[in-house]
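Listing of run26.txt; format and content: compact mmCIF, C-alpha atoms.
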```txt
# COMPACT_ATOMS: atom_id res chain seq x y z
CA MET U 1 14.71 -32.38 35.15
CA PHE U 2 11.75 -32.16 32.75
CA PHE U 3 10.44 -28.95 34.33
CA PHE U 4 13.90 -27.39 34.26
CA LEU U 5 14.11 -28.11 30.51
CA LEU U 6 10.58 -26.77 29.95
CA GLY U 7 11.41 -23.59 31.84
CA ALA U 8 14.64 -23.09 29.88
CA LEU U 9 12.81 -23.52 26.55
CA SER U 10 10.09 -21.10 27.64
CA LEU U 11 12.68 -18.52 28.65
CA ALA U 12 14.50 -18.94 25.32
CA GLY U 13 11.22 -18.45 23.44
CA PHE U 14 10.42 -15.36 25.47
CA PHE U 15 13.75 -13.75 24.59
CA LYS U 16 13.37 -14.70 20.95
CA VAL U 17 10.03 -12.89 20.79
CA LEU U 18 11.32 -9.97 22.81
CA LEU U 19 14.40 -9.41 20.68
CA ARG U 20 12.94 -9.87 17.21
CA PRO U 21 13.01 -6.81 14.94
CA HIS U 22 10.04 -4.46 14.78
CA ARG U 23 7.82 -5.27 11.81
CA GLY U 24 5.71 -2.15 11.55
CA ARG U 25 2.01 -1.84 12.19
CA ARG U 26 0.16 -5.04 12.96
CA GLY U 27 3.25 -7.08 12.19
CA TRP U 28 2.72 -6.84 8.43
CA GLY U 29 5.91 -4.95 7.68
CA ARG U 30 6.43 -2.28 5.08
CA HIS U 31 4.60 -3.98 2.23
CA ARG U 32 1.19 -4.62 3.77
CA TRP U 33 -0.50 -4.46 0.38
CA ARG U 34 1.17 -7.70 -0.70
CA ARG U 35 -1.06 -9.80 1.55
CA GLY U 36 -4.12 -8.67 -0.37
CA LEU U 37 -2.41 -9.50 -3.65
CA HIS U 38 -2.10 -13.15 -2.70
CA ARG U 39 -5.85 -13.32 -2.15
CA ALA U 40 -6.56 -11.48 -5.38
CA PHE U 41 -4.26 -13.79 -7.33
CA ALA U 42 -5.99 -16.83 -5.88
CA TYR U 43 -9.40 -15.36 -6.76
CA LEU U 44 -8.34 -14.44 -10.30
CA ASP U 45 -6.49 -17.75 -10.82
CA THR U 46 -3.46 -16.03 -12.33
CA SER U 47 -0.37 -17.70 -13.69
CA PRO U 48 3.05 -17.07 -12.10
CA GLY U 49 4.02 -14.86 -15.06
CA GLN U 50 0.91 -12.72 -14.62
CA GLU U 51 1.53 -12.45 -10.88
CA LYS U 52 5.11 -11.35 -11.46
CA GLU U 53 4.09 -8.64 -13.96
CA ILE U 54 1.30 -7.31 -11.73
CA ARG U 55 3.55 -7.33 -8.67
CA HIS U 56 6.28 -5.41 -10.52
CA ALA U 57 3.76 -2.89 -11.85
CA ILE U 58 2.37 -2.22 -8.38
CA GLU U 59 5.84 -2.07 -6.81
CA ASP U 60 6.93 0.51 -9.38
CA PHE U 61 3.87 2.60 -8.59
CA MET U 62 4.34 2.28 -4.84
CA ASN U 63 8.02 3.24 -5.11
CA GLU U 64 6.87 6.47 -6.72
CA ALA U 65 3.80 7.08 -4.55
CA ILE U 66 5.17 6.50 -1.05
CA PRO U 67 7.91 9.17 -1.17
CA LEU U 68 5.45 11.58 -2.78
CA ARG U 69 2.93 11.01 0.01
CA ARG U 70 5.58 11.63 2.64
CA SER U 71 6.82 14.81 1.00
CA LEU U 72 3.28 16.11 0.50
CA ARG U 73 2.43 15.53 4.16
CA ARG U 74 5.58 17.28 5.29
CA ASN U 75 5.36 20.18 2.85
CA VAL U 76 1.65 20.88 3.14
CA ARG U 77 1.70 21.20 6.90
CA GLY U 78 4.85 23.30 6.94
CA ARG U 79 3.78 25.67 4.18
CA MET U 80 0.27 26.09 5.52
CA ALA U 81 1.69 26.88 8.94
CA GLU U 82 3.99 29.49 7.39
CA LEU U 83 1.12 31.07 5.48
CA LEU U 84 -1.10 31.19 8.54
CA GLU U 85 1.59 32.86 10.63
CA GLU U 86 1.72 35.84 8.28
CA GLU U 87 -0.33 38.95 8.97
CA SER U 88 -2.17 38.62 5.65
CA LEU U 89 -2.58 35.65 3.36
CA ASP U 90 -0.27 35.84 0.34
CA GLU U 91 -2.30 34.34 -2.45
CA GLU U 92 0.65 34.20 -4.86
CA GLN U 93 2.56 31.93 -2.48
CA LEU U 94 -0.55 29.83 -2.01
CA GLU U 95 -1.01 29.45 -5.78
CA ALA U 96 2.69 28.58 -6.21
CA HIS U 97 2.34 25.93 -3.54
CA PHE U 98 -0.76 24.47 -5.19
CA SER U 99 0.89 24.43 -8.62
CA GLU U 100 3.87 22.46 -7.23
CA GLU U 101 1.53 19.91 -5.70
CA ALA U 102 -0.50 19.72 -8.91
CA ASP U 103 2.66 18.92 -10.88
CA GLN U 104 3.58 16.16 -8.45
CA LEU U 105 0.07 14.71 -8.59
CA ARG U 106 0.09 14.90 -12.40
CA ALA U 107 3.28 12.82 -12.46
CA LEU U 108 1.66 10.33 -10.08
CA LYS U 109 -1.40 10.18 -12.33
CA GLU U 110 0.80 9.29 -15.31
CA GLN U 111 2.49 6.56 -13.27
CA TRP U 112 -0.94 5.21 -12.29
CA LYS U 113 -1.95 5.08 -15.97
CA LYS U 114 1.18 3.05 -16.75
CA THR U 115 0.42 0.71 -13.87
CA LEU U 116 -3.17 0.13 -14.98
CA THR U 117 -2.01 -0.47 -18.55
CA ARG U 118 0.49 -3.08 -17.40
CA ILE U 119 -2.13 -4.82 -15.23
CA HIS U 120 -4.71 -4.68 -18.04
CA THR U 121 -2.36 -6.33 -20.52
CA ALA U 122 -1.28 -8.98 -18.00
CA LEU U 123 -4.84 -10.22 -17.33
CA ASP U 124 -7.07 -12.05 -19.79
CA ALA U 125 -10.68 -11.02 -20.48
CA ASP U 126 -12.28 -13.27 -17.84
CA GLN U 127 -9.81 -12.18 -15.16
CA ARG U 128 -10.36 -8.50 -16.02
CA GLU U 129 -14.13 -9.01 -15.77
CA ARG U 130 -13.82 -10.66 -12.35
CA MET U 131 -11.42 -7.96 -11.13
CA ALA U 132 -13.75 -5.21 -12.36
CA ARG U 133 -16.69 -6.86 -10.59
CA TRP U 134 -14.67 -7.05 -7.37
CA LEU U 135 -13.47 -3.45 -7.62
CA GLY U 136 -17.01 -2.30 -8.38
CA ARG U 137 -18.18 -3.80 -5.12
CA PHE U 138 -15.09 -2.76 -3.16
CA GLY U 139 -15.82 -3.15 0.52
CA GLY U 140 -18.55 -5.66 -0.15
CA ARG U 141 -18.17 -9.41 -0.38
CA VAL U 142 -17.88 -10.97 -3.81
CA GLU U 143 -18.77 -14.64 -3.98
CA GLY U 144 -15.63 -16.74 -4.11
CA MET U 145 -13.28 -13.92 -3.12
CA PRO U 146 -11.58 -14.64 0.22
CA MET U 147 -11.74 -11.56 2.42
CA GLY U 148 -9.33 -12.62 5.15
CA GLY U 149 -10.58 -13.15 8.61
CA PRO U 150 -13.71 -13.98 10.54
CA TYR U 151 -14.62 -10.36 11.28
CA ARG U 152 -14.62 -8.92 7.76
```

Could you write out this structure as structure tokens?
Amino acid sequence: MFFFLLGALSLAGFFKVLLRPHRGRRGWGRHRWRRGLHRAFAYLDTSPGQEKEIRHAIEDFMNEAIPLRRSLRRNVRGRMAELLEEESLDEEQLEAHFSEEADQLRALKEQWKKTLTRIHTALDADQRERMARWLGRFGGRVEGMPMGGPYR
């Protein structure tokens, strides 16, 4: 009876794993950047109010940046393919294409400025100094900053 119950529970667990919704790459879901924020907040020793403001600032930026990235990928490949199919390269169309992209990137740059301003005002001087030190050594290990995993 015990082995029958064990087998039934194992089968139920198997189907639960099999039928769960897809979570994106590496199981992190759509907002993979949030995992790094938790580590940064712990390192910076932020208050819940600071965390909320920083999270909202980054979410606003990401809501603007992700659709722009998708449209740029789609448009650049399609337009470059069209231009390469032509007998001769039409430089006016190429310049028009680049000016459209420059306008989109300019808007993204303004949004990034707003985001950095919001983050700057949310952090105190010591937290800004620690964050600047960490960003200055991005990719390297900063003492006290958890990097997440044994292989990093």

Exercise. CA of Trp112 in chain U and CA of Asp60 in chain U, how far apart in Å?
Worked result: 9.6 Å

For this session: Take CA of Thr121 in chain U and CA of Pro48 in chain U and report the distance between them in Å, one decimal.
Result: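 About the pair CA of Thr121 in chain U and CA of Pro48 in chain U: they are 14.7 Å apart.
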
Problem set entry | Shell around Lys109 in chain U at 10 Å using only C-alpha atoms, local window under 5 positions removed, as a PyMOL selection string | chain U and resi 61+65+103-104+114-115

For this session: Give me, please, the distance in Å between CA of Gln50 in chain U and CA of Ala125 in chain U, quoted to one decimal.
Result: 13.1 Å

For this session: May I ask which of the residues U:Ala42, U:Ile54, U:Leu37, U:Leu9 is the closest one to Thr117 in chain U, counting all atoms listed in the file?
Result: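 Between U:Ala42, U:Ile54, U:Leu37, U:Leu9, the residue approaching Thr117 in chain U most closely is U:Ile54.
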
For this session: Compare U:Gly7, U:Glu82, U:Ile119, U:Ala96 by their minimum atom-to-atom distance to Glu51 in chain U, counting only C-alpha atoms, and give me the closest one.
Result: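 Residue with the minimum atom-to-atom distance to Glu51 in chain U: U:Ile119.
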
Can you pull out the residues contacting range 70-77 of chain U? Cut-off 12 Å, using only C-alpha atoms, and skip same-chain residues under 5 positions away; I want them as a PDB file with C-alpha atoms, keeping the file's coordinate frame.
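Dumped everything to part-v6.pdb:
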```pdb
ATOM      1  CA  ASN U  63       8.020   3.240  -5.110  1.00  0.00           C
ATOM      2  CA  GLU U  64       6.870   6.470  -6.720  1.00  0.00           C
ATOM      3  CA  ALA U  65       3.800   7.080  -4.550  1.00  0.00           C
ATOM      4  CA  GLU U  82       3.990  29.490   7.390  1.00  0.00           C
ATOM      5  CA  LEU U  83       1.120  31.070   5.480  1.00  0.00           C
ATOM      6  CA  LEU U  84      -1.100  31.190   8.540  1.00  0.00           C
ATOM      7  CA  LEU U  94      -0.550  29.830  -2.010  1.00  0.00           C
ATOM      8  CA  HIS U  97       2.340  25.930  -3.540  1.00  0.00           C
ATOM      9  CA  PHE U  98      -0.760  24.470  -5.190  1.00  0.00           C
ATOM     10  CA  GLU U 100       3.870  22.460  -7.230  1.00  0.00           C
ATOM     11  CA  GLU U 101       1.530  19.910  -5.700  1.00  0.00           C
ATOM     12  CA  ALA U 102      -0.500  19.720  -8.910  1.00  0.00           C
ATOM     13  CA  ASP U 103       2.660  18.920 -10.880  1.00  0.00           C
ATOM     14  CA  GLN U 104       3.580  16.160  -8.450  1.00  0.00           C
ATOM     15  CA  LEU U 105       0.070  14.710  -8.590  1.00  0.00           C
TER      16      LEU U 105
END
```

What are the centre and the three edge lengths of an axis-aligned box that wraps all atoms of range 55-58 of chain U in the file, given that 5 Å is added to every side, written as AutoDock Vina command-line options and rounded to one decimal in Å?
```
--center_x 4.3 --center_y -4.8 --center_z -10.1 --size_x 13.9 --size_y 15.1 --size_z 13.5
```
